[in-house]
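To keep things clear, I will list the structure first and then write my remarks on it.
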Amino acid sequence: MANCCHGGCDNCNYSRIFDSLSAGRAKWVALYTTRTLIDGRSHESPWAKIFPSEEEAISKEEFVRRIQSLPYKPQMGPPSLPQEVSAEEIPSKEAVERLWGCGLEKPPDEMTPSQLMETLKRLTGEPHGALWSDFVKIFHGP
């Protein structure tokens, strides 16, 4: 999707995917911190906001606290998940801790943004962004 013009071209593999920068609701989990598209627009992943910088690692405890403090935004998730969640409802500590250690034999004490993104890319098999259904499989399996 990094090289997509978001013009809905007939021969484009991404024409079925809504434009991520003008969508009313998120349609996938970005597996990058910042991405500049070929038309010049850029997108910063909400994940990026939890890290102080591109190279600085944070602890598991800080990861949990920062994920839980992100502002709620409705998403277009898989049909099995509730579409409307209260803005006051934050992810549980257990859920965020599970994300930290997902797919890792021995979760690290600290993680950088690139380490987190590479882990998510490996687990989802997607190079740029994972559809919600693919992201959920990380926790529940296929």
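Residues are referred to by chain and number: the chain letter is A, B, ... according to the order shown in the structure tokens, the number counts from 1 in that chain, and ligands are numbered separately from 1 in the order shown.
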At a cut-off of 7 Å, using only C-alpha atoms, what residues contact Pro113 (chain A)? Leave out same-chain residues fewer than 2 positions from it and give the result as a tab-separated table (two decimals) with N, CA and C atoms, in the first residue's frame.
chain	number	residue	atom	x	y	z
A	51	PHE	N	5.60	5.70	21.66
A	51	PHE	CA	7.05	5.67	21.78
A	51	PHE	C	7.62	7.09	21.74
A	54	GLU	N	11.72	7.08	17.31
A	54	GLU	CA	11.83	5.88	16.45
A	54	GLU	C	12.75	4.81	17.05
A	55	GLU	N	13.79	5.22	17.77
A	55	GLU	CA	14.79	4.27	18.27
A	55	GLU	C	14.68	3.97	19.76
A	111	MET	N	11.14	-2.73	24.41
A	111	MET	CA	10.95	-2.91	22.98
A	111	MET	C	10.94	-1.55	22.29
A	115	GLN	N	11.04	-3.00	16.63
A	115	GLN	CA	10.91	-4.38	17.12
A	115	GLN	C	9.44	-4.79	17.20
A	116	LEU	N	8.59	-3.89	17.69
A	116	LEU	CA	7.17	-4.19	17.77
A	116	LEU	C	6.58	-4.39	16.38
A	117	MET	N	6.90	-3.49	15.45
A	117	MET	CA	6.35	-3.60	14.09
A	117	MET	C	6.83	-4.87	13.39
Can you list, as a ChimeraX atom specification, every protein, DNA or RNA residue that comes within 12 Å of Pro127 (chain A) when you count only C-alpha atoms, leaving out same-chain residues fewer than 4 positions away? /A:1-2,29-32,117-123,131
message = List the spatial neighbours of region 65-68 of chain A as an MDAnalysis selection string - criterion: any atom at most 8 Å away, only C-alpha atoms, same-chain residues fewer than 6 positions off excluded.
response = chainID A and resid 47 50 90:93 96
Q. So which one's closest to Ser114 (chain A), A:Gly40, A:Lys27, A:Lys73, A:Ile58? Using only C-alpha atoms, please.
A.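 Using only C-alpha atoms, Ser114 (chain A) sits closest to A:Ile58.
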### Message
Using only C-alpha atoms for the distances, tell me which of A:Asp134, A:Pro108, A:Trp28, A:Gly101 is nearest to Pro46 (chain A).
### Response
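With only C-alpha atoms as the atom set, the closest residue is A:Trp28.
CA of Ser45 (chain A) is positioned 12.4 Å from CA of Ala130 (chain A).
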> What separation in Å, quoted to one decimal, exists between CA of Glu97 (chain A) and CA of Val64 (chain A)?
Replying inline: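 Rounded to one decimal, the two atoms are 6.5 Å apart.
When CA of Leu37 (chain A) is paired with CA of Leu70 (chain A), their separation reads 24.7 Å.
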